[in-house]
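Visitor: input-v1.txt is reproduced below (compact mmCIF, C-alpha atoms and all ligand atoms).
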```
# COMPACT_ATOMS: atom_id res chain seq x y z
CA MET C 461 67.13 144.17 6.44
CA ASP C 462 68.15 147.36 8.14
CA LEU C 463 71.92 148.02 8.20
CA TRP C 464 71.88 148.77 11.94
CA LEU C 465 70.20 145.44 12.65
CA ILE C 466 72.83 143.59 10.60
CA MET C 467 75.61 145.40 12.48
CA LEU C 468 73.95 144.61 15.81
CA ILE C 469 73.64 140.92 14.97
CA ALA C 470 77.26 140.78 13.73
CA GLY C 471 78.45 142.51 16.91
CA GLY C 472 76.41 140.10 19.04
CA VAL C 473 77.83 137.08 17.22
CA LEU C 474 81.39 138.38 17.69
CA LEU C 475 80.70 139.02 21.37
CA VAL C 476 79.40 135.47 21.89
CA ILE C 477 82.38 133.99 20.01
CA GLY C 478 84.79 136.13 22.08
CA LEU C 479 83.18 135.08 25.35
CA ALA C 480 83.16 131.40 24.34
CA LEU C 481 86.86 131.54 23.37
CA GLY C 482 87.67 133.36 26.63
CA VAL C 483 85.98 130.63 28.64
CA LEU C 484 87.80 127.95 26.63
CA ILE C 485 91.15 129.65 27.26
CA CYS C 486 90.41 129.84 31.01
CA ILE C 487 89.51 126.14 31.10
CA ALA C 488 92.57 125.19 29.04
CA GLU C 489 94.83 127.25 31.31
CA LYS C 490 93.43 125.42 34.33
CA PHE C 491 93.91 121.91 32.94
CA LEU C 492 96.91 122.30 30.64
CA HIS C 493 99.00 124.43 33.01
CA VAL C 494 102.59 123.17 33.25
CA GLU C 495 104.25 123.71 36.60
CA GLU C 496 107.81 124.99 36.12
CA ASP C 497 110.57 124.46 38.65
CA PRO C 498 110.75 127.82 40.52
CA ARG C 499 114.55 127.52 40.65
CA ILE C 500 114.69 128.17 36.88
CA ALA C 501 113.29 131.70 37.33
CA GLU C 502 115.66 132.38 40.23
CA VAL C 503 118.73 131.23 38.27
CA GLU C 504 117.57 133.21 35.23
CA LYS C 505 117.47 136.38 37.36
CA MET C 506 121.12 135.80 38.31
CA LEU C 507 122.26 135.43 34.68
CA PRO C 508 123.23 138.60 32.73
CA ASN C 509 119.94 138.39 30.76
CA VAL C 510 121.57 139.65 27.59
CA ASN C 511 119.91 136.75 25.69
CA CYS C 512 122.82 136.69 23.27
CA GLY C 513 122.97 132.90 22.82
CA ALA C 514 126.77 132.83 23.20
CA CYS C 515 126.39 129.95 25.67
CA GLY C 516 124.92 127.76 22.95
CA HIS C 517 121.40 127.97 24.37
CA ALA C 518 118.42 129.78 22.89
CA GLY C 519 118.62 132.44 25.60
CA CYS C 520 119.04 132.98 29.33
CA HIS C 521 115.85 131.10 30.22
CA ASP C 522 117.04 128.07 28.26
CA MET C 523 120.45 128.31 29.95
CA ALA C 524 118.76 128.51 33.38
CA GLU C 525 116.76 125.36 32.59
CA ALA C 526 119.96 123.55 31.63
CA ILE C 527 121.72 124.68 34.83
CA VAL C 528 118.84 123.56 37.04
CA SER C 529 118.55 120.20 35.27
CA GLY C 530 122.30 119.64 35.64
CA GLU C 531 122.78 119.47 31.87
CA GLN C 532 124.88 122.69 31.89
CA GLN C 533 127.90 122.31 34.18
CA LYS C 534 130.22 125.10 33.02
CA LEU C 535 128.90 128.58 33.80
CA SER C 536 131.73 130.35 31.97
CA ASP C 537 130.06 129.29 28.71
CA CYS C 538 127.99 132.42 29.41
CA LYS C 539 130.41 134.94 27.90
CA PRO C 540 128.85 138.16 29.28
CA GLY C 541 128.66 136.60 32.76
CA LYS C 542 130.94 137.74 35.60
CA LYS C 543 132.27 135.50 38.34
CA ASP C 544 131.31 137.71 41.28
CA LYS C 545 128.07 139.08 39.92
CA ASN C 546 126.61 136.00 38.21
CA PHE C 547 128.46 132.70 38.61
CA ASP C 548 129.19 132.68 42.36
CA PRO C 549 125.58 133.51 43.33
CA ILE C 550 124.27 130.79 40.98
CA ILE C 551 126.65 128.20 42.43
CA GLU C 552 125.66 129.13 45.99
CA TYR C 553 121.97 129.08 45.10
CA MET C 554 122.18 125.68 43.40
CA LYS C 555 124.13 124.21 46.32
CA SER C 556 121.44 125.30 48.75
CA HIS C 557 118.46 124.32 46.54
CA PRO C 558 118.57 120.60 45.68
CA ASP C 559 116.11 118.69 43.50
CA LYS C 560 112.90 117.29 44.96
CA ASP C 561 114.75 114.00 45.42
CA GLY C 562 117.58 115.76 47.30
CA LYS C 563 120.10 115.69 44.45
CA VAL C 564 122.34 118.77 44.20
CA HIS C 565 123.29 120.08 40.73
CA ALA C 566 126.08 122.52 41.54
CA PRO C 567 127.63 123.91 38.35
CA THR C 568 131.24 125.07 38.14
CA ILE C 569 132.88 128.15 36.65
S1 LIG M 1 125.57 133.61 27.05
FE1 LIG M 1 124.78 134.29 29.04
S2 LIG M 1 123.71 136.20 28.58
FE2 LIG M 1 123.99 135.13 26.63
S3 LIG M 1 122.10 133.89 26.39
FE3 LIG M 1 123.59 132.59 27.38
S4 LIG M 1 123.16 132.82 29.56
FE4 LIG M 1 122.19 134.56 28.54
```
Take the structure from the file and write it as structure tokens.

Guide:
Amino acid sequence: MDLWLIMLIAGGVLLVIGLALGVLICIAEKFLHVEEDPRIAEVEKMLPNVNCGACGHAGCHDMAEAIVSGEQQKLSDCKPGKKDKNFDPIIEYMKSHPDKDGKVHAPTI
């Protein structure tokens, strides 16, 4: 068999496999998509975003999840955080953005 024909067939097979996987990923994204509480992203933006782990969490996103869920009460566990720049805005935000069931998780400094 001609080398060019073999390369053409191999390229065609890879193209079909790539397209099939792309379609599968699109379908999976549609059905397996997990909706995240938008407050987590907002609280994360207010954290220092050093991702140092000094708070005992895996990073700032993990800390933001814990704040929003009410699991993390003490904001000063975030060592690089500043009261005026980080903690006060987070407390105000959490006070004005309750859970879907109306429950307020307002952390403290
Ligand atoms: S200590 Fe603060 S800056 Fe460091 S990971 Fe935790 S929340 Fe982020």

Visitor: Kindly give the distance, in Å, that separates atom CA of Glu504 of chain C and atom CA of Ala524 of chain C, rounded to a single decimal.

Guide: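 Atom CA of Ala524 of chain C lies at a distance of 5.2 Å from atom CA of Glu504 of chain C.
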
Visitor: With a distance cut-off of 12 Å and all atoms listed in the file, select the neighbouring residues of Ile569 of chain C, excluding the residue or stretch itself and same-chain residues fewer than 3 positions from it, and output the selection as a list in words.

Guide: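 What passes the distance filter is Ile527, Gln532, Gln533, Lys534, Leu535, Ser536, Asp537, Cys538, Lys539, Gly541, Lys542, Lys543, Asp544, Asn546, Phe547, Asp548, Pro549, Ile550, Ile551, Glu552 and Ala566 of chain C.
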
Visitor: May I ask for the distance between atom S2 of ligand LIG 1 (chain M) and atom CA of Lys563 of chain C, given in Å to one decimal place?

Guide: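 So the answer is 26.2 Å.
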
Visitor: What are the centre and edge lengths in Å, to one decimal, of the axis-aligned box around all listed atoms of ligand LIG 1 (chain M) with 6 Å added on each side, as JSON?

Guide:
```
{"center_x": 123.8, "center_y": 134.4, "center_z": 28.0, "size_x": 15.5, "size_y": 15.6, "size_z": 15.2}
```

Visitor: Sort by chain and increasing residue number a table of all residues of chain C within 8 Å of ligand LIG 1 (chain M), each with its closest pair of atoms and their distance in Å to one decimal, counting all atoms listed in the file, and write it as a tab-separated table.

Guide:
```
residue	atom	partner	partner_atom	distance
C:Glu504	CA	M:LIG1	S4	8.0
C:Leu507	CA	M:LIG1	S4	5.8
C:Pro508	CA	M:LIG1	S2	4.8
C:Asn509	CA	M:LIG1	S2	4.9
C:Val510	CA	M:LIG1	S2	4.2
C:Asn511	CA	M:LIG1	S3	3.7
C:Cys512	CA	M:LIG1	FE2	3.9
C:Gly513	CA	M:LIG1	S3	3.8
C:Ala514	CA	M:LIG1	S1	4.1
C:Cys515	CA	M:LIG1	S1	4.0
C:Gly516	CA	M:LIG1	FE3	6.7
C:His517	CA	M:LIG1	FE3	5.9
C:Ala518	CA	M:LIG1	S3	6.5
C:Gly519	CA	M:LIG1	S3	3.9
C:Cys520	CA	M:LIG1	FE4	3.6
C:His521	CA	M:LIG1	FE4	7.4
C:Asp522	CA	M:LIG1	S4	7.9
C:Met523	CA	M:LIG1	S4	5.3
C:Ala524	CA	M:LIG1	S4	7.2
C:Asp537	CA	M:LIG1	S1	6.4
C:Cys538	CA	M:LIG1	S1	3.6
C:Lys539	CA	M:LIG1	S1	5.1
C:Pro540	CA	M:LIG1	S2	5.5
C:Gly541	CA	M:LIG1	FE1	5.9
```
